[in-house]
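Shown below: work13.csv, with CSV, C-alpha atoms.
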chain,number,residue,atom,x,y,z
H,1,ARG,CA,11.4,12.3,25.6
H,2,ASN,CA,11.3,10.7,22.1
H,3,THR,CA,7.8,11.0,20.5
H,4,MET,CA,6.4,9.5,17.3
H,5,SER,CA,3.0,9.0,15.7
H,6,LEU,CA,1.6,8.3,12.3
H,7,SER,CA,-0.5,11.4,12.9
H,8,ASN,CA,2.7,13.3,12.5
H,9,LEU,CA,2.6,12.2,8.9
H,10,SER,CA,-1.1,13.1,8.5
H,11,GLU,CA,-3.2,16.2,9.0
H,12,LYS,CA,-3.9,15.6,12.7
H,13,ASP,CA,-1.5,16.2,15.6
H,14,GLY,CA,-0.5,13.6,18.1
H,15,SER,CA,2.5,11.9,19.7
H,16,MET,CA,3.5,9.0,21.9
H,17,SER,CA,6.4,7.6,23.8
H,18,ALA,CA,8.8,5.3,22.1
H,19,LEU,CA,7.9,1.6,22.5
H,20,THR,CA,9.9,-0.6,24.7
H,21,GLU,CA,10.3,-4.4,24.4
H,22,SER,CA,8.9,-5.0,27.8
H,23,THR,CA,5.7,-3.0,27.0
H,24,LEU,CA,5.1,-5.0,23.9
H,25,ASN,CA,5.6,-8.3,25.7
H,26,ASP,CA,3.1,-7.2,28.4
H,27,SER,CA,0.5,-6.3,25.9
H,28,ALA,CA,1.0,-9.1,23.4
H,29,VAL,CA,-1.3,-12.0,22.8
H,30,SER,CA,0.1,-15.4,23.6
H,31,SER,CA,0.2,-16.9,20.1
H,32,PRO,CA,-0.8,-16.2,16.5
H,33,ILE,CA,-3.9,-17.6,15.1
H,34,LYS,CA,-4.4,-18.7,11.5
H,35,ARG,CA,-7.1,-17.6,9.1
H,36,PRO,CA,-7.8,-18.9,5.6
H,37,ILE,CA,-8.2,-16.4,2.7
H,38,SER,CA,-10.2,-16.3,-0.5
H,39,THR,CA,-9.9,-13.7,-3.3
H,40,GLY,CA,-13.4,-14.4,-4.6
H,41,SER,CA,-12.6,-12.7,-7.9
H,42,LYS,CA,-12.8,-13.7,-11.6
H,43,TRP,CA,-9.1,-14.0,-11.6
H,44,SER,CA,-9.1,-16.7,-8.9
H,45,GLU,CA,-8.0,-19.3,-11.4
H,46,ILE,CA,-4.7,-17.4,-11.7
H,47,THR,CA,-3.9,-17.4,-8.0
H,48,SER,CA,-5.1,-21.0,-7.7
H,49,LYS,CA,-2.2,-22.1,-9.9
H,50,LEU,CA,0.3,-20.5,-7.5
H,51,GLY,CA,-0.5,-22.8,-4.5
H,52,LEU,CA,-0.1,-21.3,-1.0
H,53,SER,CA,2.1,-18.3,-0.2
H,54,PRO,CA,4.5,-18.8,2.7
H,55,CYS,CA,2.4,-16.7,5.0
H,56,PHE,CA,-1.0,-17.6,3.4
H,57,ASP,CA,-2.8,-18.0,6.7
H,58,TYR,CA,-1.9,-14.6,8.0
H,59,TRP,CA,-3.2,-12.2,5.4
H,60,SER,CA,-6.6,-11.7,3.8
H,61,ASP,CA,-8.5,-9.5,1.3
H,62,ALA,CA,-10.4,-7.1,3.6
H,63,ARG,CA,-12.2,-5.1,0.9
H,64,ALA,CA,-15.7,-6.3,2.0
H,65,ASN,CA,-14.9,-6.6,5.8
H,66,HIS,CA,-14.0,-3.2,7.2
H,67,ASP,CA,-15.4,0.1,8.6
H,68,PHE,CA,-13.4,2.6,6.6
H,69,GLN,CA,-14.9,5.9,5.7
H,70,VAL,CA,-14.2,8.0,2.6
H,71,ARG,CA,-15.0,11.5,1.3
H,72,GLY,CA,-18.7,11.7,0.3
H,73,PRO,CA,-20.1,13.4,-2.8
H,74,THR,CA,-20.5,16.8,-1.0
H,75,TYR,CA,-17.3,16.7,1.0
H,76,LEU,CA,-15.9,19.9,-0.5
H,77,TYR,CA,-18.8,21.8,1.1
H,78,ASP,CA,-19.7,19.9,4.3
H,79,ARG,CA,-16.6,17.8,5.0
H,80,MET,CA,-18.9,14.8,5.4
H,81,LYS,CA,-17.5,11.2,5.0
H,82,ILE,CA,-19.5,8.1,4.2
H,83,PRO,CA,-19.0,4.4,4.7
H,84,ALA,CA,-16.5,3.2,2.0
H,85,GLY,CA,-18.5,0.1,1.0
H,86,GLU,CA,-16.8,-2.8,-0.7
H,87,GLY,CA,-13.5,-2.1,-2.3
H,88,VAL,CA,-13.3,-2.0,-6.1
H,89,CYS,CA,-10.2,-4.2,-6.6
H,90,PRO,CA,-9.8,-7.8,-5.3
H,91,LEU,CA,-6.5,-8.5,-3.6
H,92,LEU,CA,-4.8,-11.3,-5.6
H,93,TRP,CA,-1.6,-11.9,-3.7
H,94,PHE,CA,0.8,-10.7,-1.0
H,95,ASP,CA,4.5,-11.2,-0.6
H,96,ILE,CA,7.2,-10.4,1.9
H,97,PHE,CA,10.4,-10.0,0.0
H,98,SER,CA,13.8,-10.1,1.8
H,99,VAL,CA,16.3,-7.9,0.1
H,100,PRO,CA,20.1,-8.7,-0.1
H,101,GLU,CA,22.5,-6.0,1.1
H,102,SER,CA,23.7,-5.5,-2.5
H,103,TYR,CA,20.6,-3.3,-3.1
H,104,GLY,CA,21.7,-0.7,-0.6
H,105,THR,CA,19.1,1.3,1.1
H,106,ARG,CA,16.1,0.6,-1.1
H,107,VAL,CA,14.8,-1.2,-4.2
H,108,ASP,CA,13.6,0.9,-7.1
H,109,HIS,CA,10.9,-0.6,-9.4
H,110,ILE,CA,10.7,-3.9,-7.4
H,111,SER,CA,8.1,-5.2,-9.8
H,112,ASN,CA,10.9,-5.5,-12.3
H,113,GLU,CA,13.3,-7.3,-10.0
H,114,GLY,CA,13.9,-11.0,-9.3
H,115,ALA,CA,11.2,-12.9,-7.6
H,116,CYS,CA,8.8,-10.0,-7.7
H,117,ALA,CA,9.1,-9.7,-11.4
H,118,GLU,CA,8.3,-13.4,-11.6
H,119,ARG,CA,5.3,-13.0,-9.4
H,120,VAL,CA,4.0,-10.2,-11.7
H,121,LYS,CA,4.4,-12.6,-14.7
H,122,GLN,CA,2.5,-15.3,-12.9
H,123,LEU,CA,-0.4,-13.0,-12.0
H,124,THR,CA,-0.8,-11.7,-15.5
H,125,ASN,CA,-0.3,-15.0,-17.3
H,126,SER,CA,-3.8,-15.3,-18.6
H,127,ALA,CA,-5.7,-14.9,-21.8
H,128,ASN,CA,-7.5,-11.9,-20.2
H,129,PRO,CA,-5.0,-10.7,-17.6
H,130,PRO,CA,-5.9,-8.1,-15.0
H,131,PHE,CA,-4.2,-4.8,-14.7
H,132,LEU,CA,-2.3,-4.9,-11.4
H,133,PHE,CA,-2.2,-2.1,-8.9
H,134,ILE,CA,0.9,-2.9,-7.0
H,135,THR,CA,1.8,-1.3,-3.6
H,136,ALA,CA,5.3,-1.9,-2.3
H,137,ILE,CA,6.1,-0.7,1.2
H,138,GLN,CA,9.7,-0.8,2.4
H,139,VAL,CA,10.3,-2.1,5.9
H,140,PRO,CA,13.8,-0.9,7.0
H,141,GLY,CA,15.9,-3.2,9.2
H,142,THR,CA,18.0,-6.3,8.8
H,143,PRO,CA,17.2,-7.7,6.4
H,144,MET,CA,15.4,-5.0,4.6
H,145,LEU,CA,11.9,-6.2,3.7
H,146,TYR,CA,9.3,-5.2,1.2
H,147,LEU,CA,5.6,-5.8,1.7
H,148,VAL,CA,4.1,-6.1,-1.8
H,149,MET,CA,0.4,-6.2,-2.4
H,150,TYR,CA,-1.2,-6.9,-5.8
H,151,TRP,CA,-4.7,-5.7,-6.5
H,152,ALA,CA,-6.5,-6.5,-9.7
H,153,ILE,CA,-8.3,-4.1,-12.0
H,154,ASP,CA,-10.4,-4.9,-15.0
H,155,PRO,CA,-8.3,-3.4,-17.9
H,156,SER,CA,-11.4,-2.4,-19.8
H,157,THR,CA,-12.4,0.1,-17.1
H,158,LEU,CA,-9.2,2.0,-17.6
H,159,ASN,CA,-10.3,2.9,-21.2
H,160,PRO,CA,-12.0,6.4,-21.2
H,161,SER,CA,-14.3,5.2,-24.0
H,162,THR,CA,-15.8,2.4,-21.8
H,163,GLU,CA,-19.4,2.9,-21.0
H,164,LYS,CA,-19.9,4.8,-17.8
H,165,PRO,CA,-20.8,2.6,-14.7
H,166,ASN,CA,-24.2,3.1,-13.1
H,167,ASP,CA,-22.6,3.7,-9.7
H,168,PRO,CA,-21.4,7.4,-9.5
H,169,SER,CA,-18.7,6.4,-7.0
H,170,LEU,CA,-17.2,4.0,-9.5
H,171,GLU,CA,-17.3,6.7,-12.2
H,172,SER,CA,-15.4,9.1,-9.9
H,173,PHE,CA,-13.0,6.3,-9.0
H,174,TYR,CA,-12.0,5.5,-12.6
H,175,ASN,CA,-11.7,9.2,-13.3
H,176,VAL,CA,-8.9,9.4,-10.7
H,177,MET,CA,-7.4,6.0,-11.6
H,178,ARG,CA,-7.0,6.8,-15.3
H,179,GLN,CA,-5.1,9.9,-14.4
H,180,TYR,CA,-3.1,8.1,-11.7
H,181,ILE,CA,-1.6,5.5,-14.0
H,182,LYS,CA,-0.4,8.2,-16.5
H,183,LEU,CA,3.1,8.8,-15.5
H,184,PRO,CA,5.1,11.8,-16.7
H,185,ASN,CA,7.4,11.4,-19.7
H,186,GLN,CA,10.8,9.9,-18.8
H,187,SER,CA,9.6,9.1,-15.3
H,188,GLU,CA,12.0,6.2,-14.9
H,189,LYS,CA,14.9,8.4,-16.0
H,190,VAL,CA,14.0,10.9,-13.3
H,191,VAL,CA,13.7,8.3,-10.6
H,192,ASP,CA,16.9,6.5,-11.6
H,193,SER,CA,18.9,9.8,-11.4
H,194,TYR,CA,18.3,9.9,-7.6
H,195,ASP,CA,21.5,10.3,-5.8
H,196,ASP,CA,21.7,9.2,-2.1
H,197,ASP,CA,24.3,11.8,-1.4
H,198,ASP,CA,21.9,14.7,-2.1
H,199,GLU,CA,18.8,13.6,-0.3
H,200,GLU,CA,17.0,17.0,-0.2
H,201,GLU,CA,17.5,17.8,-3.9
H,202,ALA,CA,16.5,14.3,-4.9
H,203,GLN,CA,13.3,14.5,-2.8
H,204,GLU,CA,12.3,17.8,-4.5
H,205,GLU,CA,13.0,16.3,-7.9
H,206,ILE,CA,10.7,13.3,-7.3
H,207,GLU,CA,7.9,15.4,-5.8
H,208,ASP,CA,8.1,17.7,-8.9
H,209,SER,CA,7.9,14.6,-11.2
H,210,PHE,CA,4.8,13.1,-9.7
H,211,PRO,CA,2.5,15.8,-8.3
H,212,PHE,CA,-0.7,14.1,-9.1
H,213,GLN,CA,0.2,10.7,-7.8
H,214,ASN,CA,1.7,12.2,-4.6
H,215,SER,CA,-1.5,14.1,-3.9
H,216,ARG,CA,-3.8,11.1,-4.4
H,217,PHE,CA,-2.3,7.9,-2.9
H,218,LYS,CA,-3.9,7.6,0.5
H,219,LEU,CA,-3.4,4.9,3.2
H,220,ILE,CA,-5.9,4.4,5.9
H,221,PRO,CA,-4.7,2.2,8.8
H,222,ARG,CA,-6.8,0.5,11.4
H,223,ILE,CA,-5.3,-1.5,14.3
H,224,MET,CA,-8.0,-4.1,15.2
H,225,ASN,CA,-6.0,-5.7,18.0
H,226,GLY,CA,-2.5,-5.2,19.4
H,227,PRO,CA,-0.4,-3.4,22.0
H,228,TRP,CA,-1.9,-0.1,23.1
H,229,LEU,CA,1.2,1.9,22.2
H,230,VAL,CA,1.1,0.5,18.7
H,231,LYS,CA,-2.5,1.6,18.4
H,232,ARG,CA,-1.5,5.1,19.5
H,233,ALA,CA,1.5,5.2,17.1
H,234,VAL,CA,-0.4,4.0,14.0
H,235,GLY,CA,-3.8,5.6,14.7
H,236,SER,CA,-6.6,5.6,12.1
H,237,VAL,CA,-6.0,8.9,10.4
H,238,PRO,CA,-5.8,8.8,6.5
H,239,CYS,CA,-2.4,9.7,5.3
H,240,LEU,CA,-1.3,11.0,1.8
H,241,LEU,CA,2.0,9.0,1.9
H,242,GLY,CA,3.4,10.7,-1.2
H,243,THR,CA,3.5,14.0,0.5
H,244,LYS,CA,5.1,12.7,3.7
H,245,VAL,CA,7.6,10.0,2.6
H,246,THR,CA,9.5,9.5,-0.7
H,247,THR,CA,7.2,7.6,-3.0
H,248,ARG,CA,8.1,6.5,-6.5
H,249,TYR,CA,5.8,5.3,-9.3
H,250,TYR,CA,6.5,2.8,-12.1
H,251,ARG,CA,4.5,1.6,-15.1
H,252,GLY,CA,4.9,-1.8,-16.7
H,253,GLU,CA,2.9,-3.5,-19.5
H,254,ASN,CA,0.2,-4.7,-17.2
H,255,TYR,CA,0.8,-2.9,-13.9
H,256,MET,CA,1.3,0.2,-12.0
H,257,GLU,CA,3.7,0.2,-9.0
H,258,THR,CA,3.5,2.6,-6.1
H,259,ASN,CA,6.8,2.2,-4.2
H,260,VAL,CA,6.9,3.7,-0.6
H,261,GLU,CA,10.4,4.4,0.9
H,262,VAL,CA,9.6,4.3,4.6
H,263,GLY,CA,13.3,4.9,5.4
H,264,SER,CA,13.1,8.5,3.9
H,265,SER,CA,11.2,9.7,7.0
H,266,ILE,CA,12.6,9.3,10.6
H,267,VAL,CA,9.1,9.3,12.0
H,268,ALA,CA,7.8,6.7,9.6
H,269,GLN,CA,10.9,4.5,10.1
H,270,ARG,CA,10.4,4.5,13.9
H,271,ILE,CA,6.7,3.6,13.6
H,272,ILE,CA,7.3,0.8,11.1
H,273,GLY,CA,10.2,-0.3,13.2
H,274,CYS,CA,8.1,-0.8,16.3
H,275,CYS,CA,5.4,-2.5,14.3
H,276,ARG,CA,7.9,-4.8,12.7
H,277,GLY,CA,9.1,-5.8,16.2
H,278,SER,CA,5.6,-6.6,17.4
H,279,SER,CA,4.0,-7.8,14.1
H,280,ALA,CA,3.2,-11.2,15.5
H,281,TYR,CA,0.9,-9.5,18.1
H,282,ILE,CA,-0.9,-7.1,15.7
H,283,ASP,CA,-4.2,-7.5,13.8
H,284,VAL,CA,-4.3,-4.6,11.4
H,285,GLN,CA,-6.2,-3.5,8.3
H,286,LEU,CA,-4.8,-1.2,5.6
H,287,GLY,CA,-7.1,0.5,3.2
H,288,ILE,CA,-6.0,2.2,-0.1
H,289,VAL,CA,-7.9,5.2,-1.5
H,290,LEU,CA,-7.1,7.5,-4.4
H,291,GLN,CA,-8.1,10.9,-2.9
H,292,GLY,CA,-10.8,12.9,-4.6
H,293,GLU,CA,-10.1,16.7,-4.9
H,294,ASN,CA,-13.0,17.9,-7.0
H,295,ALA,CA,-16.6,17.2,-8.0
H,296,LEU,CA,-15.6,14.8,-10.8
H,297,GLU,CA,-13.5,12.7,-8.3
H,298,LEU,CA,-16.1,12.5,-5.5
H,299,PRO,CA,-17.4,10.5,-3.8
H,300,GLU,CA,-14.3,8.5,-3.1
H,301,LYS,CA,-14.2,4.7,-3.4
H,302,LEU,CA,-12.0,2.3,-1.6
H,303,LEU,CA,-9.5,0.8,-4.0
H,304,GLY,CA,-8.8,-2.2,-1.9
H,305,ALA,CA,-7.9,-3.4,1.6
H,306,ILE,CA,-5.7,-6.0,3.2
H,307,GLN,CA,-5.7,-7.5,6.7
H,308,PHE,CA,-2.6,-8.8,8.5
H,309,LYS,CA,-3.4,-11.0,11.5
H,310,TRP,CA,-0.5,-12.0,13.8
H,311,LEU,CA,1.8,-11.9,10.7
H,312,GLN,CA,5.4,-12.3,12.0
H,313,VAL,CA,7.3,-10.6,9.2
H,314,ASP,CA,10.7,-11.6,10.6
H,315,ASP,CA,9.9,-15.3,10.3
H,316,VAL,CA,12.2,-16.4,7.5
H,317,THR,CA,9.7,-19.1,6.5
H,318,PHE,CA,7.3,-16.3,5.5
H,319,GLN,CA,9.8,-14.4,3.4
H,320,VAL,CA,10.6,-14.8,-0.3
H,321,PRO,CA,14.2,-14.0,-1.2
H,322,LEU,CA,14.1,-11.2,-3.9
H,323,LEU,CA,17.1,-12.8,-5.6
Structure encoded using structure tokens:
Amino acid sequence: RNTMSLSNLSEKDGSMSALTESTLNDSAVSSPIKRPISTGSKWSEITSKLGLSPCFDYWSDARANHDFQVRGPTYLYDRMKIPAGEGVCPLLWFDIFSVPESYGTRVDHISNEGACAERVKQLTNSANPPFLFITAIQVPGTPMLYLVMYWAIDPSTLNPSTEKPNDPSLESFYNVMRQYIKLPNQSEKVVDSYDDDDEEEAQEEIEDSFPFQNSRFKLIPRIMNGPWLVKRAVGSVPCLLGTKVTTRYYRGENYMETNVEVGSSIVAQRIIGCCRGSSAYIDVQLGIVLQGENALELPEKLLGAIQFKWLQVDDVTFQVPLL
């Protein structure tokens, strides 16, 4: 029997049977429902100029509406977690990019490619632009898709000389963030040297290049509603994606991109594949945390969160052609 579980990518054990189309249809809700969104941030004037995204009614900023838990200030001693509270970074925008076959099996540095590069320019076209924390998640299939999320950070907080915040969790958050956005020298040269014909060697090279980032980027999933088997597959266990699937990191003038290659893991590819096929029937929240590993990095703070509700990713009217 084929088994798969997001827990296989995390620290907990678990498995489930492969999803079948009939099971999804039996569990699915009858039709999607629409929800308006609001960024509610000081950069709202930037997004207001962009109009509505193709799938505007199906995603929202969930940084203040969730029940995620993160490592508390004494986690190293007692393993206690605490409510994450409101996320630090507002979600400015979300895109589903459809990728032409000419790109092959993945897109490196998507923030510097086609329509995504144009979106980055639009979101940083301001007298006081935000620093963007961009998360790009590959969705294998035909066509290959990328789910791209753009969170905003006040650039002044990334300066070590900035006055320390009163909230100790914010201080620990910025301690990790400042280190996270410092990429190794010649990072793009290392990434671009990746050879599809030598997968194992390439993976080791990438892991050696980004040890800090790989050990910090943590995704917390939460299926709010959806087929039971999808809930079992995805679970709610935090996962350090950089240690489980190939993840690449890129810096631009006003952004940092974390690029997750789901296709590098058979387990991850199967899970995302079944979620893609039933996405119109799933209500899910994804939280992003930079993991704290020492006293200066604790307590953890939620970076940001996004909610997808009945988002049919294969609806071409929701997709933006990358080229």
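If you measure from each of H:Phe308, H:Trp93, H:Tyr255, H:Phe318 to Ile153 in chain H using all atoms listed in the file, the closest one turns out to be H:Tyr255.
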| request: Point out the residue among H:Pro129, H:Gly304, H:Pro140, H:Pro299 with the least atom-to-atom distance to Cys275 in chain H, counting only C-alpha atoms. | output: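 Ranked by minimum distance to Cys275 in chain H, first place goes to H:Pro140.
Of the listed residues H:Gly277, H:Ile266, H:Asn128, H:Val120, the one whose atoms come nearest to Glu45 in chain H is H:Asn128, with distances taken using only C-alpha atoms.
By only C-alpha atoms, and with residues fewer than 2 positions from Tyr180 in chain H along its chain excluded, the set lying at most 7 Å from it is Val176, Met177, Arg178, Lys182, Phe212 and Gln213 of chain H.
Going from CA of Asp61 in chain H to CA of Pro211 in chain H covers 29.2 Å.
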Applying 10 Å and all atoms listed in the file, which residues near Glu293 in chain H remain after dropping the ones on its own chain fewer than 6 positions away? List them as a CSV table (one decimal) with C-alpha atoms, in the frame of the given file.
chain,number,residue,atom,x,y,z
H,71,ARG,CA,-15.0,11.5,1.3
H,75,TYR,CA,-17.3,16.7,1.0
H,76,LEU,CA,-15.9,19.9,-0.5
H,176,VAL,CA,-8.9,9.4,-10.7
H,215,SER,CA,-1.5,14.1,-3.9
H,216,ARG,CA,-3.8,11.1,-4.4
H,299,PRO,CA,-17.4,10.5,-3.8
H,300,GLU,CA,-14.3,8.5,-3.1
| field | Top pick for closest residue to Asp108 in chain H, considering H:Pro227, H:Ser172, H:Tyr146, H:Val313 and counting only C-alpha atoms | value |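 Closest to Asp108 in chain H of all the choices is H:Tyr146.
The gap separating CA of Leu92 in chain H from CA of Trp310 in chain H is 19.9 Å, in Å to one decimal.
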| task | Write out as a list in words the residues lying within 7 Å of Ser236 in chain H, counting all atoms listed in the file and excluding same-chain residues fewer than 6 positions away. | result | Ile220, Pro221 and Arg222 of chain H
| request: Just the residues within 7 Å of Arg248 in chain H, please, counting all atoms listed in the file, with nothing from its chain fewer than 5 positions along; format it as a list in words. | output: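 Counting only the stated atoms, we get Thr258, Asn259 and Val260 of chain H.
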| request: May I ask which of the residues H:Asn294, H:Asn214, H:Thr47, H:Ser279 is the closest one to Asp315 in chain H, counting all atoms listed in the file? | output: H:Ser279
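Rounded to one decimal, CA of Pro155 in chain H and CA of Leu290 in chain H lie 17.4 Å from each other.
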